[in-house]
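Have a look at work07.tsv below; it lists TSV, C-alpha atoms.
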```tsv
chain	number	residue	atom	x	y	z
M	17	MET	CA	69.83	-9.24	18.99
M	18	GLU	CA	69.42	-12.80	20.06
M	19	THR	CA	67.65	-15.45	17.98
M	20	TYR	CA	64.74	-15.20	20.44
M	21	TYR	CA	64.04	-11.73	19.05
M	22	THR	CA	65.22	-12.03	15.45
M	23	GLN	CA	63.59	-15.32	14.41
M	24	PRO	CA	59.97	-14.06	14.49
M	25	ILE	CA	61.00	-10.89	12.65
M	26	VAL	CA	62.80	-12.89	9.95
M	27	GLU	CA	59.77	-15.16	9.51
M	28	MET	CA	57.46	-12.17	9.19
M	29	GLY	CA	59.87	-10.56	6.70
M	30	VAL	CA	59.75	-13.68	4.54
M	31	ALA	CA	55.94	-13.72	4.64
M	32	LEU	CA	55.81	-10.01	3.80
M	33	THR	CA	58.22	-10.50	0.89
M	34	GLU	CA	56.10	-13.36	-0.45
M	35	LEU	CA	53.03	-11.15	-0.18
M	36	ALA	CA	54.79	-8.27	-1.95
M	37	VAL	CA	56.13	-10.31	-4.88
M	38	LYS	CA	52.88	-12.16	-5.39
M	39	GLY	CA	51.98	-9.72	-8.14
M	40	THR	CA	48.37	-9.26	-7.13
M	41	ALA	CA	47.88	-6.10	-9.17
M	42	THR	CA	49.14	-7.78	-12.33
M	43	ALA	CA	47.08	-10.91	-11.69
M	44	VAL	CA	43.94	-8.85	-11.09
M	45	ALA	CA	44.53	-6.79	-14.23
M	46	ASN	CA	45.01	-9.97	-16.28
M	47	LYS	CA	41.81	-11.52	-14.91
M	48	VAL	CA	39.84	-8.34	-15.61
M	49	LYS	CA	41.17	-8.25	-19.20
M	50	ALA	CA	40.32	-11.93	-19.63
M	51	VAL	CA	36.66	-11.52	-18.62
M	52	LYS	CA	36.17	-8.16	-20.34
M	53	ASN	CA	34.78	-9.77	-23.49
M	54	GLU	CA	33.05	-12.63	-21.69
M	55	LYS	CA	29.33	-12.83	-22.46
M	56	ASN	CA	28.44	-15.30	-19.69
M	57	THR	CA	27.45	-13.07	-16.76
M	58	GLU	CA	27.72	-15.95	-14.28
M	59	LYS	CA	31.35	-16.54	-15.26
M	60	VAL	CA	32.09	-12.79	-15.02
M	61	ARG	CA	30.48	-12.61	-11.59
M	62	ASN	CA	32.45	-15.66	-10.38
M	63	THR	CA	35.70	-14.15	-11.66
M	64	TYR	CA	35.02	-10.85	-9.90
M	65	ASP	CA	34.08	-12.72	-6.71
M	66	GLU	CA	37.35	-14.62	-6.96
M	67	ILE	CA	39.30	-11.37	-7.41
M	68	ILE	CA	37.57	-9.75	-4.45
M	69	ASN	CA	38.14	-12.78	-2.21
M	70	GLU	CA	41.81	-12.89	-3.18
M	71	LEU	CA	42.23	-9.18	-2.43
M	72	LEU	CA	40.46	-9.53	0.92
M	73	SER	CA	42.62	-12.52	1.81
M	74	GLU	CA	45.82	-10.64	1.00
M	75	ARG	CA	44.59	-7.61	2.94
M	76	ASP	CA	43.94	-9.83	5.96
M	77	GLU	CA	47.43	-11.30	5.66
M	78	ALA	CA	48.98	-7.82	5.43
M	79	VAL	CA	47.04	-6.69	8.54
M	80	ARG	CA	48.11	-9.85	10.41
M	81	LEU	CA	51.75	-9.21	9.51
M	82	ALA	CA	51.52	-5.56	10.58
M	83	GLN	CA	50.04	-6.59	13.93
M	84	ALA	CA	52.74	-9.21	14.40
M	85	TYR	CA	55.47	-6.65	13.65
M	86	LYS	CA	53.88	-4.26	16.16
M	87	SER	CA	53.71	-7.02	18.76
M	88	GLU	CA	57.41	-7.82	18.28
M	89	LEU	CA	58.30	-4.13	18.49
M	90	ASP	CA	56.28	-3.75	21.70
M	91	ARG	CA	58.25	-6.64	23.22
M	92	ILE	CA	61.50	-4.75	22.70
M	93	VAL	CA	60.70	-1.03	22.94
M	94	ILE	CA	60.07	0.74	26.23
M	95	SER	CA	57.66	3.66	25.93
M	96	ASP	CA	58.63	7.22	26.85
M	97	GLU	CA	56.27	7.06	29.83
M	98	ASP	CA	57.86	3.80	31.02
M	99	ILE	CA	61.33	5.31	30.65
M	100	GLN	CA	60.28	8.31	32.75
M	101	ASN	CA	58.80	6.01	35.41
M	102	LEU	CA	61.93	3.86	35.39
M	103	ASN	CA	64.10	6.93	35.82
M	104	ALA	CA	62.00	8.34	38.67
M	105	THR	CA	61.85	5.01	40.50
M	106	ALA	CA	65.55	4.23	40.12
M	107	THR	CA	66.44	7.74	41.29
M	108	ARG	CA	64.28	7.30	44.40
M	109	VAL	CA	65.86	3.91	45.11
M	110	LEU	CA	69.36	5.40	44.86
M	111	ASP	CA	68.35	8.25	47.19
M	112	ILE	CA	66.98	5.72	49.71
M	113	LEU	CA	70.17	3.68	49.47
M	114	LYS	CA	72.18	6.83	50.19
M	115	LYS	CA	70.13	7.43	53.36
M	116	PHE	CA	70.73	3.88	54.57
M	117	SER	CA	74.40	3.92	53.69
M	118	PRO	CA	75.82	7.44	53.98
M	119	GLU	CA	79.28	6.04	53.28
M	120	LEU	CA	78.29	5.36	49.65
M	121	ASP	CA	80.22	7.46	47.19
M	122	THR	CA	78.00	10.40	46.21
M	123	ASP	CA	79.79	10.78	42.87
M	124	SER	CA	79.10	7.14	41.98
M	125	LEU	CA	75.43	7.50	42.87
M	126	GLN	CA	75.21	10.65	40.76
M	127	ALA	CA	76.90	8.83	37.88
M	128	LEU	CA	74.29	6.07	38.15
M	129	LYS	CA	71.51	8.67	38.15
M	130	ASP	CA	73.02	10.26	35.04
M	131	LEU	CA	73.24	6.85	33.39
M	132	ILE	CA	69.55	6.23	33.93
M	133	SER	CA	68.41	9.71	32.96
M	134	VAL	CA	65.52	9.87	30.53
M	135	ASP	CA	67.76	11.31	27.80
M	136	THR	CA	70.39	8.59	28.20
M	137	LEU	CA	67.85	5.77	28.31
M	138	LYS	CA	65.99	7.09	25.25
M	139	THR	CA	69.21	7.60	23.29
M	140	MET	CA	70.48	4.11	24.11
M	141	GLN	CA	67.15	2.63	23.05
M	142	LEU	CA	67.25	4.58	19.77
M	143	LEU	CA	70.71	3.11	19.17
M	144	GLY	CA	69.26	-0.37	19.56
M	145	PHE	CA	69.88	-1.18	23.21
M	146	ASN	CA	67.27	-3.65	24.40
M	147	TYR	CA	66.62	-3.07	28.10
M	148	LYS	CA	64.17	-5.92	28.40
M	149	ALA	CA	66.73	-8.42	27.11
M	150	ALA	CA	69.79	-6.91	28.77
M	151	ILE	CA	68.33	-6.12	32.17
M	152	GLY	CA	64.84	-7.57	32.45
M	153	GLU	CA	65.56	-11.14	31.41
M	154	PRO	CA	68.66	-11.63	33.63
M	155	LEU	CA	66.84	-9.96	36.52
M	156	THR	CA	63.88	-12.28	35.99
M	157	GLN	CA	66.20	-15.30	35.95
M	158	LEU	CA	68.01	-14.08	39.07
M	159	CYS	CA	64.71	-13.71	40.92
M	160	ALA	CA	63.52	-17.10	39.70
M	161	ASN	CA	66.75	-18.72	40.91
M	162	ALA	CA	66.47	-16.97	44.30
M	163	ILE	CA	62.87	-18.07	44.72
M	164	GLY	CA	63.75	-21.59	43.60
M	165	GLY	CA	66.57	-21.59	46.13
M	166	LEU	CA	64.13	-20.78	48.93
M	167	GLY	CA	62.34	-24.05	48.31
M	168	ASN	CA	65.65	-25.92	48.36
M	169	ASN	CA	66.71	-24.33	51.66
M	170	THR	CA	63.56	-25.42	53.46
M	171	LYS	CA	63.96	-28.95	52.13
M	172	LYS	CA	67.56	-29.14	53.37
M	173	ASN	CA	66.67	-27.81	56.82
M	174	PRO	CA	63.12	-28.93	57.69
M	175	ASN	CA	63.36	-27.47	61.23
M	176	LYS	CA	64.04	-23.98	59.87
M	177	LYS	CA	61.07	-21.62	60.38
M	178	ARG	CA	59.78	-19.53	57.53
```

Kindly present the structure from the file in structure tokens form.
Amino acid sequence: METYYTQPIVEMGVALTELAVKGTATAVANKVKAVKNEKNTEKVRNTYDEIINELLSERDEAVRLAQAYKSELDRIVISDEDIQNLNATATRVLDILKKFSPELDTDSLQALKDLISVDTLKTMQLLGFNYKAAIGEPLTQLCANAIGGLGNNTKKNPNKKR
């Protein structure tokens, strides 16, 4: 995976590790033991409030990390439904191309259909293939370059009609 994808995951892993090694359970147990014999009820209440606030803060941090991990995973993973839609759409496109260009090799088109079958796409994703990075990002850049080129063409030839 590229740094674009791994850096946020590494940062979250560090934060999760810090949260895990913090030793909250031990710290809470020590604080409870320390106030067990305390006679000042105000001090006991303040200590318990402090413990509760610390636990709530750590819980919030754990929830934030879990949501961040899920967000990163959602950026990479394509759902089963999306894979099925991708397969159906790509198959239709290949069938349309075959109608427009009957000279296209039927075996090659079938090989492409097999390559984008739901089973193949799902298996490749399970093995770690990132479609969004491998296909989506270059395709996005290609489209952006093509659109950017349209603006350049009209500037070069101002008499050209759109």

One-decimal distance in Å that lies between CA of Lys86 in chain M and CA of Gly39 in chain M
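If I compute the distance from CA of Gly39 in chain M to CA of Lys86 in chain M, I get 25.0 Å.
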
Closest of M:Thr63, M:Asn101, M:Ile25, M:Tyr85 to Asn46 in chain M - atom-to-atom distances counting only C-alpha atoms:
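The shortest atom-to-atom distance to Asn46 in chain M comes from M:Thr63.
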
Which residues are near Gly152 in chain M? Cut-off 12 Å, all atoms listed in the file, ignore same chain within fewer than 5 positions. Put them as a compact mmCIF listing (two decimals) with C-alpha atoms, in the frame of the given file.
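Final output, saved to part.txt:
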```
# COMPACT_ATOMS: atom_id res chain seq x y z
CA ARG M 91 58.25 -6.64 23.22
CA ILE M 92 61.50 -4.75 22.70
CA ILE M 94 60.07 0.74 26.23
CA ASN M 146 67.27 -3.65 24.40
CA TYR M 147 66.62 -3.07 28.10
CA GLN M 157 66.20 -15.30 35.95
CA LEU M 158 68.01 -14.08 39.07
CA CYS M 159 64.71 -13.71 40.92
```

Would you write out, as JSON lines, a table of all residues in range 51-110 of chain M that have an atom no more than 8 Å from an atom of range 128-135 of chain M, listing for each the closest atom pair and the distance in Å to one decimal, considering all atoms listed in the file and ordering rows by chain and rising residue number?
```
{"residue": "M:Ile99", "atom": "CA", "partner": "M:Val134", "partner_atom": "CA", "distance": 6.2}
{"residue": "M:Gln100", "atom": "CA", "partner": "M:Val134", "partner_atom": "CA", "distance": 5.9}
{"residue": "M:Asn103", "atom": "CA", "partner": "M:Ile132", "partner_atom": "CA", "distance": 5.8}
{"residue": "M:Ala106", "atom": "CA", "partner": "M:Ile132", "partner_atom": "CA", "distance": 7.6}
{"residue": "M:Thr107", "atom": "CA", "partner": "M:Lys129", "partner_atom": "CA", "distance": 6.0}
{"residue": "M:Leu110", "atom": "CA", "partner": "M:Lys129", "partner_atom": "CA", "distance": 7.8}
```

Provide the CA of Leu113 in chain M to CA of Ile151 in chain M distance in Å, to one decimal place.
20.0 Å

Rounded to one decimal in Å, what is the spacing between CA of Leu32 in chain M and CA of Ala82 in chain M?
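CA of Leu32 in chain M sits 9.2 Å away from CA of Ala82 in chain M.
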
I'd like the neighbourhood of Gln83 in chain M as an MDAnalysis selection string, where a residue qualifies if any of its atoms comes within 12 Å (using all atoms listed in the file), though same-chain residues fewer than 6 positions away should be ignored.
chainID M and resid 25 28 76:77 89:90

Out of M:Leu71, M:Lys49, M:Leu81, M:Glu66, which residue has the shortest atom-to-atom distance to Glu27 in chain M when counting only C-alpha atoms?
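Of M:Leu71, M:Lys49, M:Leu81, M:Glu66, the one nearest Glu27 in chain M, counting only C-alpha atoms, is M:Leu81.
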